[in-house]
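Structure file protein_5.csv with CSV, C-alpha atoms and all ligand atoms:
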chain,number,residue,atom,x,y,z
A,1,MET,CA,-17.4,-35.5,44.1
A,2,ASP,CA,-17.6,-31.9,42.9
A,3,ILE,CA,-16.4,-29.0,45.0
A,4,SER,CA,-19.8,-27.5,45.5
A,5,GLY,CA,-21.0,-30.9,47.0
A,6,ILE,CA,-18.1,-30.9,49.4
A,7,ALA,CA,-18.8,-27.2,50.3
A,8,ASP,CA,-22.5,-28.0,51.0
A,9,GLU,CA,-21.6,-30.9,53.3
A,10,LEU,CA,-19.0,-28.8,55.2
A,11,ALA,CA,-21.4,-25.9,55.6
A,12,GLU,CA,-24.1,-28.3,57.0
A,13,HIS,CA,-22.1,-30.7,59.2
A,14,GLY,CA,-18.6,-29.3,59.6
A,15,TYR,CA,-17.0,-32.5,58.3
A,16,PHE,CA,-17.2,-34.6,55.2
A,17,ILE,CA,-15.8,-37.9,54.0
A,18,VAL,CA,-15.1,-38.3,50.3
A,19,PRO,CA,-14.5,-41.9,49.4
A,20,GLN,CA,-12.7,-41.4,46.1
A,21,PHE,CA,-11.3,-37.9,46.2
A,22,PHE,CA,-8.5,-39.0,43.9
A,23,SER,CA,-8.5,-41.6,41.2
A,24,GLN,CA,-7.0,-45.0,42.3
A,25,GLN,CA,-4.1,-44.4,40.0
A,26,LYS,CA,-3.2,-41.0,41.5
A,27,ALA,CA,-3.7,-42.2,45.1
A,28,LEU,CA,-1.4,-45.1,44.3
A,29,GLN,CA,1.2,-42.7,43.1
A,30,PHE,CA,1.2,-40.9,46.4
A,31,TYR,CA,1.3,-44.2,48.3
A,32,ARG,CA,4.3,-45.4,46.3
A,33,TYR,CA,6.0,-42.1,46.9
A,34,ALA,CA,5.4,-42.3,50.7
A,35,GLN,CA,6.8,-45.9,50.6
A,36,SER,CA,9.9,-44.7,48.7
A,37,LEU,CA,11.1,-42.3,51.4
A,38,ASP,CA,13.8,-43.6,53.6
A,39,ASP,CA,14.0,-43.3,57.4
A,40,SER,CA,16.1,-40.1,57.2
A,41,GLN,CA,13.2,-38.3,55.5
A,42,TRP,CA,10.7,-39.0,58.3
A,43,GLN,CA,10.8,-37.0,61.5
A,44,LEU,CA,9.0,-37.3,64.8
A,45,ALA,CA,6.2,-34.8,64.9
A,46,ALA,CA,5.9,-32.1,67.6
A,47,ILE,CA,2.7,-31.2,69.5
A,48,GLY,CA,1.6,-27.8,71.0
A,49,ARG,CA,2.1,-24.3,69.7
A,50,GLN,CA,5.2,-22.1,69.1
A,51,GLN,CA,7.4,-22.1,72.2
A,52,GLN,CA,5.5,-24.9,73.8
A,53,GLN,CA,6.3,-27.3,71.0
A,54,THR,CA,7.5,-30.7,72.3
A,55,ILE,CA,7.9,-34.2,71.0
A,56,ASN,CA,5.7,-36.4,73.1
A,57,THR,CA,5.4,-39.9,71.9
A,58,ASN,CA,2.7,-40.6,74.6
A,59,VAL,CA,0.4,-38.4,72.6
A,60,ARG,CA,1.4,-39.3,69.1
A,61,SER,CA,3.9,-41.8,67.8
A,62,ASP,CA,3.7,-41.2,64.0
A,63,THR,CA,6.5,-39.8,61.9
A,64,ILE,CA,6.0,-37.1,59.3
A,65,HIS,CA,7.4,-35.6,56.1
A,66,TRP,CA,6.4,-32.0,55.2
A,67,LEU,CA,5.5,-31.5,51.5
A,68,ASP,CA,7.4,-29.0,49.5
A,69,LYS,CA,6.5,-27.4,46.2
A,70,GLN,CA,10.0,-28.1,44.8
A,71,HIS,CA,9.4,-31.8,44.5
A,72,GLY,CA,7.3,-33.3,41.6
A,73,VAL,CA,4.9,-35.7,43.4
A,74,GLU,CA,4.6,-33.4,46.5
A,75,SER,CA,3.9,-30.4,44.3
A,76,ASP,CA,1.2,-32.3,42.4
A,77,TYR,CA,-0.7,-33.0,45.6
A,78,LEU,CA,-0.3,-29.3,46.8
A,79,THR,CA,-1.6,-28.1,43.4
A,80,HIS,CA,-4.7,-30.3,43.6
A,81,MET,CA,-5.4,-29.0,47.1
A,82,ASP,CA,-4.9,-25.4,46.0
A,83,GLN,CA,-7.7,-26.0,43.5
A,84,LEU,CA,-9.9,-27.3,46.3
A,85,ARG,CA,-8.9,-24.2,48.3
A,86,GLN,CA,-10.0,-21.8,45.6
A,87,GLY,CA,-13.3,-23.8,45.1
A,88,LEU,CA,-14.1,-23.6,48.8
A,89,ASN,CA,-13.4,-19.9,48.8
A,90,ARG,CA,-15.7,-19.4,45.9
A,91,GLU,CA,-18.5,-21.5,47.4
A,92,LEU,CA,-18.2,-20.6,51.1
A,93,PHE,CA,-16.3,-17.3,51.2
A,94,MET,CA,-14.0,-18.9,53.7
A,95,GLY,CA,-11.0,-16.7,52.8
A,96,LEU,CA,-8.6,-19.7,53.0
A,97,PHE,CA,-5.2,-18.2,52.2
A,98,ASP,CA,-2.8,-21.1,52.0
A,99,TYR,CA,-2.3,-24.8,52.6
A,100,GLU,CA,0.4,-26.8,54.4
A,101,ALA,CA,0.6,-30.6,54.5
A,102,HIS,CA,2.7,-33.5,55.5
A,103,LEU,CA,2.9,-37.2,54.9
A,104,ALA,CA,2.4,-39.3,58.0
A,105,ARG,CA,3.6,-42.8,58.7
A,106,TYR,CA,2.1,-44.8,61.5
A,107,ARG,CA,4.0,-47.9,62.2
A,108,PRO,CA,2.1,-50.9,63.6
A,109,GLY,CA,1.0,-49.9,67.1
A,110,ALA,CA,1.4,-46.2,66.5
A,111,PHE,CA,-1.4,-43.8,67.5
A,112,TYR,CA,-2.4,-40.1,67.9
A,113,LYS,CA,-4.5,-39.6,71.1
A,114,LYS,CA,-7.6,-37.4,71.2
A,115,HIS,CA,-6.8,-33.8,70.2
A,116,LEU,CA,-8.0,-30.7,68.4
A,117,ASP,CA,-5.9,-29.4,65.5
A,118,ALA,CA,-6.7,-25.7,66.4
A,119,PHE,CA,-8.0,-23.8,69.3
A,120,LYS,CA,-10.7,-21.1,68.7
A,121,GLY,CA,-9.2,-17.8,67.9
A,122,ARG,CA,-5.6,-19.0,68.6
A,123,SER,CA,-4.7,-20.6,65.4
A,124,ASN,CA,-5.0,-19.8,61.7
A,125,ARG,CA,-5.7,-23.5,60.9
A,126,ILE,CA,-9.3,-23.6,59.6
A,127,LEU,CA,-9.9,-26.8,57.8
A,128,THR,CA,-8.1,-30.1,58.3
A,129,THR,CA,-7.8,-32.6,55.4
A,130,VAL,CA,-6.6,-36.2,55.6
A,131,LEU,CA,-6.0,-38.3,52.5
A,132,TYR,CA,-5.5,-42.0,53.2
A,133,LEU,CA,-3.0,-44.1,51.2
A,134,ASN,CA,-3.5,-47.7,52.1
A,135,PRO,CA,-4.4,-50.1,49.3
A,136,GLN,CA,-5.2,-53.0,51.6
A,137,TRP,CA,-7.0,-52.1,54.7
A,138,SER,CA,-9.8,-53.9,56.6
A,139,LYS,CA,-11.7,-53.2,59.8
A,140,ALA,CA,-9.6,-55.9,61.6
A,141,ASP,CA,-6.5,-53.8,60.9
A,142,GLY,CA,-7.7,-51.0,63.2
A,143,GLY,CA,-6.0,-47.6,62.7
A,144,GLU,CA,-9.4,-45.8,62.4
A,145,LEU,CA,-9.7,-42.0,62.6
A,146,VAL,CA,-12.5,-41.3,65.2
A,147,LEU,CA,-14.3,-38.0,65.1
A,148,TYR,CA,-16.1,-37.0,68.3
A,149,GLY,CA,-19.1,-34.6,68.8
A,150,GLU,CA,-19.5,-32.0,71.4
A,151,ARG,CA,-20.7,-34.4,74.1
A,152,GLY,CA,-17.9,-36.8,73.4
A,153,GLU,CA,-20.1,-39.1,71.3
A,154,VAL,CA,-18.5,-40.9,68.3
A,155,LEU,CA,-19.6,-39.1,65.1
A,156,THR,CA,-17.8,-41.3,62.6
A,157,GLU,CA,-15.0,-43.8,62.3
A,158,VAL,CA,-13.0,-43.8,59.1
A,159,LEU,CA,-10.9,-46.6,57.8
A,160,PRO,CA,-7.7,-45.3,56.2
A,161,THR,CA,-8.3,-46.9,52.8
A,162,LEU,CA,-6.6,-45.7,49.6
A,163,GLY,CA,-8.1,-42.5,48.2
A,164,THR,CA,-10.5,-41.7,51.0
A,165,MET,CA,-10.4,-38.0,52.0
A,166,VAL,CA,-11.7,-36.6,55.3
A,167,ILE,CA,-12.2,-32.8,55.7
A,168,PHE,CA,-13.3,-31.1,58.9
A,169,LEU,CA,-13.3,-27.8,60.8
A,170,SER,CA,-10.0,-27.9,62.7
A,171,ASP,CA,-11.2,-26.2,65.9
A,172,ARG,CA,-14.5,-28.1,66.2
A,173,PHE,CA,-13.9,-31.8,66.2
A,174,VAL,CA,-11.8,-33.7,68.8
A,175,HIS,CA,-10.4,-36.7,67.0
A,176,GLU,CA,-7.9,-39.5,67.4
A,177,VAL,CA,-6.1,-42.2,65.4
A,178,LYS,CA,-6.5,-45.6,66.9
A,179,THR,CA,-3.6,-48.0,66.9
A,180,GLY,CA,-3.4,-50.3,63.9
A,181,LEU,CA,-1.9,-53.6,63.1
A,182,LYS,CA,-0.3,-52.5,59.8
A,183,GLU,CA,1.8,-49.6,58.6
A,184,ARG,CA,-0.5,-46.7,57.8
A,185,PHE,CA,0.2,-43.9,55.4
A,186,SER,CA,-1.7,-40.6,55.0
A,187,ILE,CA,-1.3,-37.0,54.0
A,188,THR,CA,-2.6,-34.5,56.6
A,189,GLY,CA,-2.9,-30.9,55.7
A,190,TRP,CA,-4.5,-27.6,56.8
A,191,PHE,CA,-6.1,-24.7,55.0
A,192,ARG,CA,-5.2,-21.6,56.8
A,193,LEU,CA,-6.1,-17.9,57.0
A,194,ASN,CA,-3.5,-15.3,56.3
A,195,SER,CA,-1.5,-15.0,59.6
A,196,SER,CA,-0.6,-11.4,58.8
A,197,ILE,CA,-4.3,-10.6,58.8
A,198,SER,CA,-5.3,-12.6,61.8
A,199,GLY,CA,-2.2,-11.5,63.7
A,200,ILE,CA,-1.5,-15.1,64.8
A,201,ILE,CA,1.7,-16.9,63.8
A,202,ASP,CA,1.3,-20.6,63.3
A,203,PRO,CA,3.6,-23.1,65.0
A,204,PRO,CA,7.0,-23.3,63.3
A,205,ARG,CA,7.7,-26.6,61.7
A,301,LIG,O1,-4.3,-39.6,60.2
A,301,LIG,C1,-5.4,-39.3,60.7
A,301,LIG,O2,-6.4,-40.0,60.5
A,301,LIG,C2,-5.5,-38.0,61.5
A,301,LIG,C3,-4.2,-37.4,61.8
A,301,LIG,C4,-4.3,-36.2,62.7
A,301,LIG,O3,-5.2,-36.1,63.5
A,301,LIG,C5,-3.3,-35.1,62.7
A,301,LIG,O4,-2.2,-35.3,62.1
A,301,LIG,O5,-3.5,-34.0,63.3
A,302,FE,FE,-5.4,-34.0,64.1
Transcribe the structure of this file into structure tokens.
Amino acid sequence: MDISGIADELAEHGYFIVPQFFSQQKALQFYRYAQSLDDSQWQLAAIGRQQQQTINTNVRSDTIHWLDKQHGVESDYLTHMDQLRQGLNRELFMGLFDYEAHLARYRPGAFYKKHLDAFKGRSNRILTTVLYLNPQWSKADGGELVLYGERGEVLTEVLPTLGTMVIFLSDRFVHEVKTGLKERFSITGWFRLNSSISGIIDPPR
């Protein structure tokens, strides 16, 4: 899928699912890397903003690992996403300034209840991206991402299969991760506006 195709879909619907964003080989490389991290490299994720950040495992029970430009495989992912960022800016004049991303690991039974990734005018997170990294995944395994529309209707349910990428406007779509039967890996990230321009500081990590 070319970037202008992604841009068109985003402009029209506000979300888009790209079944093979990365080659199988590249996606497998990210998967193997996620698997290679040991427990000390995964942390419980916080919810809420700034001073209100708390760990609440009733809302989400995944663990995360923030990506860093210093590391080869992580930097490779960030570089690809920076190309997407530049392409989207060219096509849609979105003024996306930077990108932050973390690996996420959902153990069997883990979930992330309905939430928004950003609140209108109160965050510089503009676009959410989620890349899934699971070579074997079927409907019976659960773990779907569900995106909801304005009236609470289900817009789409996405299985977290290797190489699938979902992109959506961070402040527009309530979404959740259903519990799954198997361990589920993904890379979630956010394209952001420049916080020094918008005057809003994003949550500290
Ligand atoms: O893994 C997913 O499908 C979505 C994760 C998510 O909603 C988040 O990390 O904010
Ligand atoms: Fe989310």
What are the nearest atom pairs, with distances in Å to one decimal, for all residues of chain A that come at most 7 Å from ligand LIG 301 (chain A), using only C-alpha atoms and all ligand atoms, set out by chain and rising residue number as JSON lines?
{"residue": "A:Tyr112", "atom": "CA", "partner": "A:LIG301", "partner_atom": "O3", "distance": 6.6}
{"residue": "A:Asp117", "atom": "CA", "partner": "A:LIG301", "partner_atom": "O5", "distance": 5.6}
{"residue": "A:Val130", "atom": "CA", "partner": "A:LIG301", "partner_atom": "C1", "distance": 6.1}
{"residue": "A:Glu144", "atom": "CA", "partner": "A:LIG301", "partner_atom": "O2", "distance": 6.8}
{"residue": "A:Leu145", "atom": "CA", "partner": "A:LIG301", "partner_atom": "O2", "distance": 4.4}
{"residue": "A:Pro160", "atom": "CA", "partner": "A:LIG301", "partner_atom": "O2", "distance": 6.9}
{"residue": "A:His175", "atom": "CA", "partner": "A:LIG301", "partner_atom": "O3", "distance": 6.3}
{"residue": "A:Glu176", "atom": "CA", "partner": "A:LIG301", "partner_atom": "O3", "distance": 5.8}
{"residue": "A:Val177", "atom": "CA", "partner": "A:LIG301", "partner_atom": "O2", "distance": 5.4}
{"residue": "A:Ser186", "atom": "CA", "partner": "A:LIG301", "partner_atom": "O1", "distance": 5.9}
{"residue": "A:Thr188", "atom": "CA", "partner": "A:LIG301", "partner_atom": "O4", "distance": 5.6}
Residue with smallest distance to ligand FE 302 (chain A) - pool A:Gln43, A:Ser36, A:Thr129, A:Ser61, counting only C-alpha atoms and all ligand atoms: A:Thr129
Atomic separation - atom CA of Ala118 of chain A relative to atom CA of Glu74 of chain A, Å: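 Atom CA of Glu74 of chain A sits 24.1 Å away from atom CA of Ala118 of chain A.
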Straight-line distance linking atom CA of Glu183 of chain A with atom CA of Leu84 of chain A, stated in Å to one decimal: 28.0 Å
Test item: residues at most 12 Å from Asp68 of chain A, only C-alpha atoms, excluding those fewer than 6 positions along its chain, as a PyMOL selection string: chain A and resi 74-79+99-103
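Distances to Asp39 of chain A were evaluated for A:Thr164, A:Ser170, A:Thr63, A:Ser123 using only C-alpha atoms, and the minimum falls at A:Thr63.
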Residue with smallest distance to ligand FE 302 (chain A) - pool A:Leu96, A:Ala34, A:Ile126, A:Ile55, counting all atoms listed in the file: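 For ligand FE 302 (chain A), the nearest of the given residues is A:Ile126.
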Length of the atom CA of Pro19 of chain A to atom CA of Val166 of chain A vector [Å]: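 According to the coordinates, atom CA of Pro19 of chain A and atom CA of Val166 of chain A are separated by 8.4 Å.
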Proximity to ligand FE 302 (chain A) - best of A:Gly121, A:Gly14, A:Pro108, A:Gly48, all atoms listed in the file: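 Among the listed residues, A:Gly48 lies closest to ligand FE 302 (chain A).
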Repair of segment 133-147 of chain A at the level of N, CA and C atoms, as a short mmCIF file (atom, residue, chain, number, x, y, z; two decimals), in the frame of the given file:
data_model
loop_
_atom_site.label_atom_id
_atom_site.label_comp_id
_atom_site.auth_asym_id
_atom_site.auth_seq_id
_atom_site.Cartn_x
_atom_site.Cartn_y
_atom_site.Cartn_z
N LEU A 133 -3.81 -43.50 52.27
CA LEU A 133 -3.00 -44.10 51.20
C LEU A 133 -2.77 -45.57 51.33
N ASN A 134 -3.74 -46.30 51.84
CA ASN A 134 -3.50 -47.70 52.10
C ASN A 134 -4.31 -48.65 51.26
N PRO A 135 -3.65 -49.29 50.26
CA PRO A 135 -4.40 -50.10 49.30
C PRO A 135 -5.13 -51.28 49.93
N GLN A 136 -4.53 -51.91 50.92
CA GLN A 136 -5.20 -53.00 51.60
C GLN A 136 -5.48 -52.68 53.02
N TRP A 137 -6.71 -52.46 53.34
CA TRP A 137 -7.00 -52.10 54.70
C TRP A 137 -8.40 -52.64 55.09
N SER A 138 -8.51 -53.40 56.17
CA SER A 138 -9.80 -53.90 56.60
C SER A 138 -10.09 -53.47 58.02
N LYS A 139 -11.33 -53.60 58.46
CA LYS A 139 -11.70 -53.20 59.80
C LYS A 139 -10.82 -53.86 60.86
N ALA A 140 -10.45 -55.12 60.61
CA ALA A 140 -9.60 -55.90 61.60
C ALA A 140 -8.23 -55.24 61.74
N ASP A 141 -7.81 -54.39 60.81
CA ASP A 141 -6.50 -53.80 60.90
C ASP A 141 -6.45 -52.58 61.84
N GLY A 142 -7.63 -52.11 62.30
CA GLY A 142 -7.70 -51.00 63.20
C GLY A 142 -7.26 -49.68 62.51
N GLY A 143 -6.56 -48.79 63.26
CA GLY A 143 -6.00 -47.60 62.70
C GLY A 143 -7.11 -46.59 62.21
N GLU A 144 -8.32 -46.67 62.79
CA GLU A 144 -9.40 -45.80 62.40
C GLU A 144 -9.12 -44.34 62.86
N LEU A 145 -9.60 -43.38 62.07
CA LEU A 145 -9.70 -42.00 62.60
C LEU A 145 -11.12 -41.96 63.23
N VAL A 146 -11.19 -41.49 64.48
CA VAL A 146 -12.50 -41.30 65.20
C VAL A 146 -12.72 -39.84 65.36
N LEU A 147 -13.87 -39.37 64.88
CA LEU A 147 -14.30 -38.00 65.10
C LEU A 147 -15.33 -37.95 66.20
#
